[in-house]
Amino acid sequence: MQSPATVDAPELVNETFLSMHRQMLLIRHFEEAVRKLASGGAVPGLVHLCAGQEATNVGVCAALGPADIIASHHRGHGHCLARGARPDLLMAEILGKASGYGMGRSGSMHVIDLEHGNLGTNGIVGGGIPLAAGSALASRTRGDDKVSACFFGDGALNQGLVHECMNMAAIWSLPVVFVCENNGYGEFTAIEDVTAGRDLLARGKVFDIPSSMVDGMDLLAVHEAAHSAVHRARGGDGPSFLICNTYRFGGHHVGDKQTYKNSEEAMRWLEKDPILKFAHFLIDTGRANRDYLEVMEAEIAKIIRDAVDFAKNSPEPGSELLESHLYAG
């Protein structure tokens with residue numbers, strides 16, 4: 001089976017490199033702020049963070065066009081931000097405030113941002129997969145050239161809807177990219193304890209879908225594979241399946257003590273931090289110096305502080321909003 005990585009990604013200009021690094025920093029600082037707020041009791045319900053998975057978030061989204069579509073999962077703040085969501089509105093939504101994307105109703109796990117082609121984060125395991133497949137079917141029916149991408153974790157590989165959607169996408173040559181962010185754990189359980197079949201790519205290969213596995217901690221590797229998959233889909237050649245091997249630096253949710261993780265394993269993954277890795281790349285190749293990157297990070301930190309202030313000072317949703325946006329039209 002051919003890998004989808006058969007089309008060379010276009011040569012990236014320095015502005016693009018710096019923009020992608022900025023997006024990864026934005027996600028990391030945003031998640032750290034949410035972690036602190038959740039630990040202090042300011043976030044209603046559970047919250048699932050994606051720190052460590054920024055290269056997959058940004059690498060795939062950077063390969064998409066502005067009109068393309070994504071569908072996310074419960075660990076989806078990074079996807080929202082990578083597609084252009086405003087940090088202040090996203091933070092307000094997570095805190096349950098009326099100024100948020102869903103007027104405080106969706107919280108962390110059901111954020112929808114249609115302006116940026118985001119069909120939503122999703123609390124159902126694999127729930128975004130049929131949304132993206134349906135969006136791709138709509139694109140094919142309309143005859144436009146939009147591509148849909150769905151993100152899901154390794155736990156979703158054992159869900160029946162993955163196979164159903166892949167089968168339909170292959171039969172109908174739908175313009176969809178299936179992206180598995182394999183962080184090695186489904187909630188608190190290691191993938192090897194619950195997932196039969198050591199060749200995870202076989203999930204796509206059995207449907208004759210071009211499938212490849214990439215280092216999910218390497219931004220450029222993810223971007224190159226995603227670019228090829230998006231190019232294939234936009235050209236009418238059907239779906240692709242990517243497995244991005246990555247790691248979540250935190251627990252399944254903020255309160256998770258992570259007693260099921262091996263400390264040596266966690267340390268090995270921390271040494272592969274995608275943000276630090278890409279910063280070294282930018283410096284080593286002369287695309288940025290350390291002072292420039294420090295200024296960039298300081299600017300990002302201020303943006304997130306302002307987002308937190310905005311969210312904290314936003315009003316709670318009032319009873320007058322209960323009947324708002326319940327029906328279309």
# chains A, B, ... in the order shown; residues from 1 in each chain; ligands from 1
$ residues_around --residues "stretch 289-296 of chain A" --least-positions-apart "6" --cutoff "8 Å" --atoms "only C-alpha atoms" --output "PyMOL selection string"
chain A and resi 22+279+282-283
$ write_last_selection --atoms "N, CA and C atoms" --output "CSV table (one decimal), in the first residue's frame"
chain,number,residue,atom,x,y,z
A,22,ARG,N,4.6,30.0,16.3
A,22,ARG,CA,3.7,30.9,17.1
A,22,ARG,C,2.4,30.2,17.5
A,279,ALA,N,11.9,25.0,17.9
A,279,ALA,CA,12.7,26.2,18.2
A,279,ALA,C,14.2,26.0,17.9
A,282,LEU,N,14.6,26.2,14.1
A,282,LEU,CA,14.6,27.6,13.6
A,282,LEU,C,15.9,28.3,13.9
A,283,ILE,N,16.5,28.1,15.1
A,283,ILE,CA,17.8,28.7,15.4
A,283,ILE,C,18.9,28.1,14.6
$ select_by_dssp --residues "stretch 139-271 of chain A" --states "helix (DSSP H, G or I)" --output "MDAnalysis selection string"
chainID A and resid 139:142 154:158 160:171 191:194 202:205 219:234 263:270
$ write_last_selection --atoms "N, CA and C atoms" --output "short mmCIF file (atom, residue, chain, number, x, y, z; two decimals), in the first residue's frame"
data_model
loop_
_atom_site.label_atom_id
_atom_site.label_comp_id
_atom_site.auth_asym_id
_atom_site.auth_seq_id
_atom_site.Cartn_x
_atom_site.Cartn_y
_atom_site.Cartn_z
N SER A 139 -19.30 18.00 0.17
CA SER A 139 -18.40 18.68 -0.76
C SER A 139 -18.41 17.99 -2.12
N ARG A 140 -18.38 16.66 -2.09
CA ARG A 140 -18.39 15.93 -3.37
C ARG A 140 -19.71 16.13 -4.10
N THR A 141 -20.81 16.17 -3.35
CA THR A 141 -22.12 16.36 -3.96
C THR A 141 -22.26 17.76 -4.57
N ARG A 142 -21.74 18.76 -3.86
CA ARG A 142 -21.80 20.14 -4.37
C ARG A 142 -20.82 20.37 -5.51
N ASP A 154 -6.21 7.32 19.73
CA ASP A 154 -6.00 5.89 19.49
C ASP A 154 -7.14 5.05 20.04
N GLY A 155 -7.82 5.55 21.08
CA GLY A 155 -8.96 4.80 21.61
C GLY A 155 -10.07 4.63 20.60
N ALA A 156 -10.19 5.58 19.67
CA ALA A 156 -11.25 5.51 18.66
C ALA A 156 -10.98 4.46 17.61
N LEU A 157 -9.75 3.94 17.54
CA LEU A 157 -9.44 2.92 16.54
C LEU A 157 -10.26 1.65 16.76
N ASN A 158 -10.79 1.49 17.96
CA ASN A 158 -11.59 0.29 18.27
C ASN A 158 -13.09 0.54 18.16
N GLY A 160 -16.54 1.04 16.06
CA GLY A 160 -17.06 0.55 14.80
C GLY A 160 -17.25 1.62 13.75
N LEU A 161 -17.58 2.85 14.19
CA LEU A 161 -17.86 3.90 13.21
C LEU A 161 -16.62 4.28 12.42
N VAL A 162 -15.41 4.03 12.97
CA VAL A 162 -14.19 4.30 12.21
C VAL A 162 -14.20 3.47 10.93
N HIS A 163 -14.50 2.19 11.08
CA HIS A 163 -14.49 1.29 9.92
C HIS A 163 -15.62 1.60 8.96
N GLU A 164 -16.79 1.92 9.49
CA GLU A 164 -17.92 2.25 8.63
C GLU A 164 -17.62 3.50 7.80
N CYS A 165 -17.07 4.53 8.45
CA CYS A 165 -16.79 5.77 7.73
C CYS A 165 -15.64 5.61 6.74
N MET A 166 -14.61 4.86 7.12
CA MET A 166 -13.52 4.61 6.19
C MET A 166 -14.01 3.84 4.96
N ASN A 167 -14.87 2.86 5.20
CA ASN A 167 -15.41 2.07 4.09
C ASN A 167 -16.18 2.96 3.11
N MET A 168 -17.07 3.80 3.64
CA MET A 168 -17.85 4.68 2.77
C MET A 168 -16.96 5.70 2.07
N ALA A 169 -15.98 6.24 2.82
CA ALA A 169 -15.09 7.23 2.22
C ALA A 169 -14.29 6.63 1.07
N ALA A 170 -13.88 5.37 1.23
CA ALA A 170 -13.12 4.71 0.17
C ALA A 170 -14.00 4.40 -1.04
N ILE A 171 -15.20 3.87 -0.79
CA ILE A 171 -16.11 3.52 -1.88
C ILE A 171 -16.47 4.75 -2.72
N ILE A 191 -2.50 1.60 25.02
CA ILE A 191 -3.08 1.09 23.80
C ILE A 191 -2.82 -0.40 23.61
N GLU A 192 -1.64 -0.88 24.02
CA GLU A 192 -1.32 -2.29 23.80
C GLU A 192 -2.17 -3.23 24.65
N ASP A 193 -2.81 -2.70 25.67
CA ASP A 193 -3.64 -3.54 26.54
C ASP A 193 -5.06 -3.73 25.99
N VAL A 194 -5.46 -2.91 25.03
CA VAL A 194 -6.86 -2.96 24.58
C VAL A 194 -7.03 -3.02 23.06
N ALA A 202 -3.23 -1.01 9.37
CA ALA A 202 -4.10 -1.97 8.67
C ALA A 202 -5.55 -1.52 8.69
N ARG A 203 -5.91 -0.67 9.67
CA ARG A 203 -7.28 -0.15 9.71
C ARG A 203 -7.62 0.60 8.43
N GLY A 204 -6.64 1.30 7.87
CA GLY A 204 -6.89 1.99 6.62
C GLY A 204 -6.58 1.15 5.41
N LYS A 205 -5.52 0.35 5.50
CA LYS A 205 -5.09 -0.45 4.36
C LYS A 205 -6.15 -1.44 3.90
N LEU A 219 6.91 18.66 13.77
CA LEU A 219 5.97 19.51 13.06
C LEU A 219 6.09 19.37 11.54
N LEU A 220 7.31 19.37 11.02
CA LEU A 220 7.50 19.33 9.58
C LEU A 220 7.13 17.98 8.99
N ALA A 221 7.38 16.92 9.74
CA ALA A 221 7.00 15.58 9.27
C ALA A 221 5.48 15.47 9.18
N VAL A 222 4.79 15.98 10.18
CA VAL A 222 3.32 15.96 10.17
C VAL A 222 2.80 16.80 9.01
N HIS A 223 3.35 17.99 8.85
CA HIS A 223 2.88 18.89 7.80
C HIS A 223 3.08 18.28 6.41
N GLU A 224 4.21 17.66 6.18
CA GLU A 224 4.48 17.06 4.87
C GLU A 224 3.48 15.95 4.57
N ALA A 225 3.24 15.07 5.54
CA ALA A 225 2.29 13.98 5.33
C ALA A 225 0.88 14.51 5.14
N ALA A 226 0.51 15.52 5.94
CA ALA A 226 -0.82 16.09 5.82
C ALA A 226 -1.01 16.82 4.50
N HIS A 227 0.02 17.53 4.07
CA HIS A 227 -0.07 18.23 2.78
C HIS A 227 -0.35 17.25 1.66
N SER A 228 0.34 16.13 1.64
CA SER A 228 0.14 15.14 0.59
C SER A 228 -1.26 14.57 0.64
N ALA A 229 -1.75 14.28 1.86
CA ALA A 229 -3.10 13.73 2.01
C ALA A 229 -4.16 14.73 1.56
N VAL A 230 -3.98 16.00 1.91
CA VAL A 230 -4.94 17.03 1.50
C VAL A 230 -4.90 17.22 -0.02
N HIS A 231 -3.70 17.21 -0.59
CA HIS A 231 -3.55 17.33 -2.04
C HIS A 231 -4.27 16.19 -2.75
N ARG A 232 -4.11 15.01 -2.24
CA ARG A 232 -4.77 13.83 -2.83
C ARG A 232 -6.29 13.99 -2.77
N ALA A 233 -6.80 14.39 -1.60
CA ALA A 233 -8.24 14.54 -1.43
C ALA A 233 -8.79 15.63 -2.35
N ARG A 234 -8.11 16.75 -2.41
CA ARG A 234 -8.59 17.87 -3.22
C ARG A 234 -8.56 17.54 -4.71
N SER A 263 7.44 6.68 34.65
CA SER A 263 8.12 7.97 34.71
C SER A 263 9.25 8.07 33.69
N GLU A 264 9.93 6.96 33.43
CA GLU A 264 11.01 6.99 32.43
C GLU A 264 10.44 7.21 31.04
N GLU A 265 9.32 6.58 30.76
CA GLU A 265 8.65 6.77 29.47
C GLU A 265 8.26 8.23 29.31
N ALA A 266 7.65 8.80 30.35
CA ALA A 266 7.22 10.19 30.28
C ALA A 266 8.40 11.12 30.05
N MET A 267 9.54 10.84 30.69
CA MET A 267 10.71 11.68 30.52
C MET A 267 11.25 11.61 29.10
N ARG A 268 11.23 10.42 28.51
CA ARG A 268 11.69 10.27 27.12
C ARG A 268 10.84 11.11 26.17
N TRP A 269 9.53 11.14 26.41
CA TRP A 269 8.66 11.92 25.55
C TRP A 269 8.84 13.42 25.79
N LEU A 270 9.08 13.82 27.04
CA LEU A 270 9.30 15.23 27.33
C LEU A 270 10.52 15.76 26.59
#
$ residues_around --residues "A:Asp306" --least-positions-apart "4" --cutoff "8 Å" --atoms "only C-alpha atoms" --output "JSON, numbers by chain"
{"A": [88, 302, 310]}
$ write_last_selection --atoms "N, CA and C atoms" --output "mmCIF file, in the first residue's frame"
data_model
loop_
_atom_site.group_PDB
_atom_site.id
_atom_site.type_symbol
_atom_site.label_atom_id
_atom_site.label_comp_id
_atom_site.auth_asym_id
_atom_site.auth_seq_id
_atom_site.Cartn_x
_atom_site.Cartn_y
_atom_site.Cartn_z
ATOM 1 N N ASP A 88 -9.630 34.446 23.408
ATOM 2 C CA ASP A 88 -10.500 35.006 24.435
ATOM 3 C C ASP A 88 -11.890 34.380 24.395
ATOM 4 N N LYS A 302 1.195 37.290 26.899
ATOM 5 C CA LYS A 302 0.289 38.424 27.149
ATOM 6 C C LYS A 302 -1.085 38.184 26.520
ATOM 7 N N PHE A 310 -10.362 38.488 30.065
ATOM 8 C CA PHE A 310 -11.620 38.652 29.341
ATOM 9 C C PHE A 310 -12.643 37.624 29.803
#
$ residues_around --residues "stretch 24-31 of chain A" --least-positions-apart "2" --cutoff "9 Å" --atoms "only C-alpha atoms" --output "PDB file with N, CA and C atoms, in the first residue's frame"
ATOM      1  N   SER A  19       5.088  31.425  11.819  1.00  0.00           N
ATOM      2  CA  SER A  19       3.664  31.382  12.142  1.00  0.00           C
ATOM      3  C   SER A  19       3.285  30.063  12.797  1.00  0.00           C
ATOM      4  N   MET A  20       3.816  28.960  12.286  1.00  0.00           N
ATOM      5  CA  MET A  20       3.500  27.654  12.869  1.00  0.00           C
ATOM      6  C   MET A  20       4.082  27.527  14.274  1.00  0.00           C
ATOM      7  N   HIS A  21       5.278  28.066  14.469  1.00  0.00           N
ATOM      8  CA  HIS A  21       5.860  28.037  15.815  1.00  0.00           C
ATOM      9  C   HIS A  21       5.012  28.876  16.770  1.00  0.00           C
ATOM     10  N   ARG A  22       4.560  30.012  16.282  1.00  0.00           N
ATOM     11  CA  ARG A  22       3.713  30.885  17.099  1.00  0.00           C
ATOM     12  C   ARG A  22       2.427  30.171  17.495  1.00  0.00           C
ATOM     13  N   ALA A  33      -2.734  27.800  30.908  1.00  0.00           N
ATOM     14  CA  ALA A  33      -3.658  28.692  31.606  1.00  0.00           C
ATOM     15  C   ALA A  33      -4.937  27.956  31.997  1.00  0.00           C
ATOM     16  N   VAL A  34      -5.448  27.119  31.091  1.00  0.00           N
ATOM     17  CA  VAL A  34      -6.651  26.348  31.403  1.00  0.00           C
ATOM     18  C   VAL A  34      -6.377  25.381  32.550  1.00  0.00           C
ATOM     19  N   ARG A  35      -5.192  24.766  32.539  1.00  0.00           N
ATOM     20  CA  ARG A  35      -4.842  23.833  33.619  1.00  0.00           C
ATOM     21  C   ARG A  35      -4.881  24.532  34.972  1.00  0.00           C
ATOM     22  N   LYS A  36      -4.313  25.732  35.042  1.00  0.00           N
ATOM     23  CA  LYS A  36      -4.303  26.476  36.305  1.00  0.00           C
ATOM     24  C   LYS A  36      -5.718  26.859  36.723  1.00  0.00           C
ATOM     25  N   LEU A  49      -6.606  18.368  28.186  1.00  0.00           N
ATOM     26  CA  LEU A  49      -5.611  19.236  27.574  1.00  0.00           C
ATOM     27  C   LEU A  49      -4.744  18.485  26.561  1.00  0.00           C
ATOM     28  N   CYS A  50      -4.209  19.235  25.597  1.00  0.00           N
ATOM     29  CA  CYS A  50      -3.441  18.615  24.515  1.00  0.00           C
ATOM     30  C   CYS A  50      -1.978  18.993  24.541  1.00  0.00           C
ATOM     31  N   ALA A  51      -1.470  19.561  25.636  1.00  0.00           N
ATOM     32  CA  ALA A  51      -0.058  19.937  25.693  1.00  0.00           C
ATOM     33  C   ALA A  51       0.815  18.726  25.359  1.00  0.00           C
ATOM     34  N   GLY A  52       1.738  18.905  24.427  1.00  0.00           N
ATOM     35  CA  GLY A  52       2.573  17.823  23.919  1.00  0.00           C
ATOM     36  C   GLY A  52       2.181  17.401  22.521  1.00  0.00           C
ATOM     37  N   GLU A  54       1.004  19.522  20.126  1.00  0.00           N
ATOM     38  CA  GLU A  54       0.856  20.723  19.295  1.00  0.00           C
ATOM     39  C   GLU A  54       1.312  20.522  17.857  1.00  0.00           C
ATOM     40  N   ALA A  55       2.329  19.704  17.639  1.00  0.00           N
ATOM     41  CA  ALA A  55       2.827  19.516  16.267  1.00  0.00           C
ATOM     42  C   ALA A  55       1.791  18.867  15.379  1.00  0.00           C
ATOM     43  N   ASN A  57      -1.571  19.089  15.908  1.00  0.00           N
ATOM     44  CA  ASN A  57      -2.607  20.113  15.748  1.00  0.00           C
ATOM     45  C   ASN A  57      -2.256  21.081  14.625  1.00  0.00           C
ATOM     46  N   VAL A  58      -1.068  21.662  14.728  1.00  0.00           N
ATOM     47  CA  VAL A  58      -0.654  22.721  13.809  1.00  0.00           C
ATOM     48  C   VAL A  58      -0.220  22.159  12.461  1.00  0.00           C
ATOM     49  N   HIS A  77      -8.750  21.731  22.102  1.00  0.00           N
ATOM     50  CA  HIS A  77      -8.461  23.169  22.121  1.00  0.00           C
ATOM     51  C   HIS A  77      -7.420  23.541  21.076  1.00  0.00           C
ATOM     52  N   GLY A  78      -6.424  22.680  20.906  1.00  0.00           N
ATOM     53  CA  GLY A  78      -5.351  22.965  19.953  1.00  0.00           C
ATOM     54  C   GLY A  78      -5.849  23.034  18.528  1.00  0.00           C
ATOM     55  N   HIS A  79      -6.786  22.155  18.171  1.00  0.00           N
ATOM     56  CA  HIS A  79      -7.343  22.195  16.820  1.00  0.00           C
ATOM     57  C   HIS A  79      -8.109  23.495  16.599  1.00  0.00           C
ATOM     58  N   LEU A  81      -7.655  26.434  18.038  1.00  0.00           N
ATOM     59  CA  LEU A  81      -6.719  27.548  17.912  1.00  0.00           C
ATOM     60  C   LEU A  81      -5.940  27.478  16.606  1.00  0.00           C
ATOM     61  N   ALA A  82      -5.542  26.272  16.205  1.00  0.00           N
ATOM     62  CA  ALA A  82      -4.782  26.125  14.967  1.00  0.00           C
ATOM     63  C   ALA A  82      -5.604  26.510  13.749  1.00  0.00           C
ATOM     64  N   PRO A  87      -8.532  33.167  21.119  1.00  0.00           N
ATOM     65  CA  PRO A  87      -8.262  32.641  22.463  1.00  0.00           C
ATOM     66  C   PRO A  87      -9.217  33.177  23.522  1.00  0.00           C
ATOM     67  N   MET A  91     -11.562  30.736  25.609  1.00  0.00           N
ATOM     68  CA  MET A  91     -11.381  30.691  27.061  1.00  0.00           C
ATOM     69  C   MET A  91     -12.702  30.982  27.769  1.00  0.00           C
ATOM     70  N   PRO A 274       7.718  18.988  21.041  1.00  0.00           N
ATOM     71  CA  PRO A 274       7.704  19.511  19.670  1.00  0.00           C
ATOM     72  C   PRO A 274       8.031  20.989  19.561  1.00  0.00           C
ATOM     73  N   ILE A 275       7.708  21.749  20.609  1.00  0.00           N
ATOM     74  CA  ILE A 275       7.977  23.189  20.563  1.00  0.00           C
ATOM     75  C   ILE A 275       9.472  23.453  20.711  1.00  0.00           C
ATOM     76  N   MET A 296       8.659  36.621  20.972  1.00  0.00           N
ATOM     77  CA  MET A 296       7.437  35.997  20.480  1.00  0.00           C
ATOM     78  C   MET A 296       6.682  35.326  21.616  1.00  0.00           C
ATOM     79  N   GLU A 297       7.404  34.597  22.454  1.00  0.00           N
ATOM     80  CA  GLU A 297       6.750  33.889  23.549  1.00  0.00           C
ATOM     81  C   GLU A 297       6.168  34.862  24.561  1.00  0.00           C
ATOM     82  N   ILE A 300       2.916  36.056  23.175  1.00  0.00           N
ATOM     83  CA  ILE A 300       1.894  35.012  23.314  1.00  0.00           C
ATOM     84  C   ILE A 300       1.389  34.957  24.752  1.00  0.00           C
ATOM     85  N   ALA A 301       2.310  35.031  25.704  1.00  0.00           N
ATOM     86  CA  ALA A 301       1.923  34.979  27.114  1.00  0.00           C
ATOM     87  C   ALA A 301       0.956  36.111  27.459  1.00  0.00           C
ATOM     88  N   ILE A 303      -1.101  37.645  25.313  1.00  0.00           N
ATOM     89  CA  ILE A 303      -2.375  37.342  24.655  1.00  0.00           C
ATOM     90  C   ILE A 303      -3.207  36.407  25.527  1.00  0.00           C
ATOM     91  N   ILE A 304      -2.561  35.420  26.107  1.00  0.00           N
ATOM     92  CA  ILE A 304      -3.290  34.458  26.938  1.00  0.00           C
ATOM     93  C   ILE A 304      -3.716  35.088  28.258  1.00  0.00           C
ATOM     94  N   ARG A 305      -2.882  35.921  28.843  1.00  0.00           N
ATOM     95  CA  ARG A 305      -3.291  36.628  30.069  1.00  0.00           C
ATOM     96  C   ARG A 305      -4.517  37.490  29.800  1.00  0.00           C
ATOM     97  N   ALA A 307      -6.707  36.976  27.476  1.00  0.00           N
ATOM     98  CA  ALA A 307      -7.840  36.070  27.237  1.00  0.00           C
ATOM     99  C   ALA A 307      -8.443  35.601  28.556  1.00  0.00           C
TER     100      ALA A 307
END
$ atom_distance --atom1 "atom CA of A:Asp113" --atom2 "atom CA of A:Leu276"
29.2 Å
$ closest_residue --among "A:Gly143, A:Gly107, A:Gly96, A:Gly59" --to "A:Cys244" --atoms "only C-alpha atoms"
A:Gly59
$ select_by_dssp --residues "stretch 68-141 of chain A" --states "strand (DSSP E or B)" --output "list in words"
Ile69, Ile70, Ala71, Asp113 and Asn118 of chain A
$ write_last_selection --atoms "N, CA and C atoms" --output "mmCIF file, in the first residue's frame"
data_model
loop_
_atom_site.group_PDB
_atom_site.id
_atom_site.type_symbol
_atom_site.label_atom_id
_atom_site.label_comp_id
_atom_site.auth_asym_id
_atom_site.auth_seq_id
_atom_site.Cartn_x
_atom_site.Cartn_y
_atom_site.Cartn_z
ATOM 1 N N ILE A 69 -12.566 22.011 6.176
ATOM 2 C CA ILE A 69 -13.363 21.678 7.359
ATOM 3 C C ILE A 69 -12.578 20.748 8.283
ATOM 4 N N ILE A 70 -12.761 20.920 9.586
ATOM 5 C CA ILE A 70 -12.223 19.952 10.536
ATOM 6 C C ILE A 70 -13.320 19.503 11.501
ATOM 7 N N ALA A 71 -13.114 18.339 12.075
ATOM 8 C CA ALA A 71 -13.928 17.849 13.194
ATOM 9 C C ALA A 71 -12.951 17.303 14.223
ATOM 10 N N ASP A 113 -17.010 26.314 15.845
ATOM 11 C CA ASP A 113 -16.568 27.587 15.291
ATOM 12 C C ASP A 113 -16.704 27.503 13.777
ATOM 13 N N ASN A 118 -14.806 24.761 11.650
ATOM 14 C CA ASN A 118 -14.643 23.788 12.734
ATOM 15 C C ASN A 118 -16.014 23.265 13.151
#
$ closest_residue --among "A:Asp273, A:Glu115, A:Glu15, A:Asp68" --to "A:Phe249" --atoms "only C-alpha atoms"
A:Asp273
$ residues_around --residues "A:Ser39" --least-positions-apart "5" --cutoff "12 Å" --atoms "only C-alpha atoms" --output "PDB file with C-alpha atoms, in the first residue's frame"
ATOM      1  CA  GLU A  32      -1.278  25.858  30.735  1.00  0.00           C
ATOM      2  CA  ALA A  33      -3.658  28.692  31.606  1.00  0.00           C
ATOM      3  CA  VAL A  34      -6.651  26.348  31.403  1.00  0.00           C
ATOM      4  CA  PRO A  44     -17.052  23.640  35.194  1.00  0.00           C
ATOM      5  CA  GLY A  45     -16.669  19.889  34.712  1.00  0.00           C
ATOM      6  CA  LEU A  46     -13.689  17.963  33.387  1.00  0.00           C
ATOM      7  CA  VAL A  47     -11.215  19.489  30.971  1.00  0.00           C
ATOM      8  CA  HIS A 253      -8.034  15.242  32.461  1.00  0.00           C
ATOM      9  CA  VAL A 254      -6.601  17.914  34.725  1.00  0.00           C
ATOM     10  CA  GLY A 255      -7.251  15.971  37.948  1.00  0.00           C
ATOM     11  CA  ASP A 256      -5.640  12.755  36.653  1.00  0.00           C
TER      12      ASP A 256
END
$ closest_residue --among "A:Ser99, A:Thr246, A:Ser106, A:Thr121" --to "A:His74" --atoms "only C-alpha atoms"
A:Thr121
$ residues_around --residues "A:Gly238" --least-positions-apart "3" --cutoff "6 Å" --atoms "only C-alpha atoms" --output "mmCIF file with C-alpha atoms, in the first residue's frame"
data_model
loop_
_atom_site.group_PDB
_atom_site.id
_atom_site.type_symbol
_atom_site.label_atom_id
_atom_site.label_comp_id
_atom_site.auth_asym_id
_atom_site.auth_seq_id
_atom_site.Cartn_x
_atom_site.Cartn_y
_atom_site.Cartn_z
ATOM 1 C CA SER A 173 -13.674 8.576 -2.938
ATOM 2 C CA LEU A 174 -14.569 11.227 -0.393
ATOM 3 C CA PRO A 175 -12.164 14.150 0.169
ATOM 4 C CA ALA A 233 -8.238 14.540 -1.433
#
$ residues_around --residues "A:Pro66" --least-positions-apart "4" --cutoff "10 Å" --atoms "only C-alpha atoms" --output "ChimeraX atom specification"
/A:61-62,83-84,115-117,146
$ atom_distance --atom1 "atom CA of A:Gly216" --atom2 "atom CA of A:Ala38"
26.5 Å
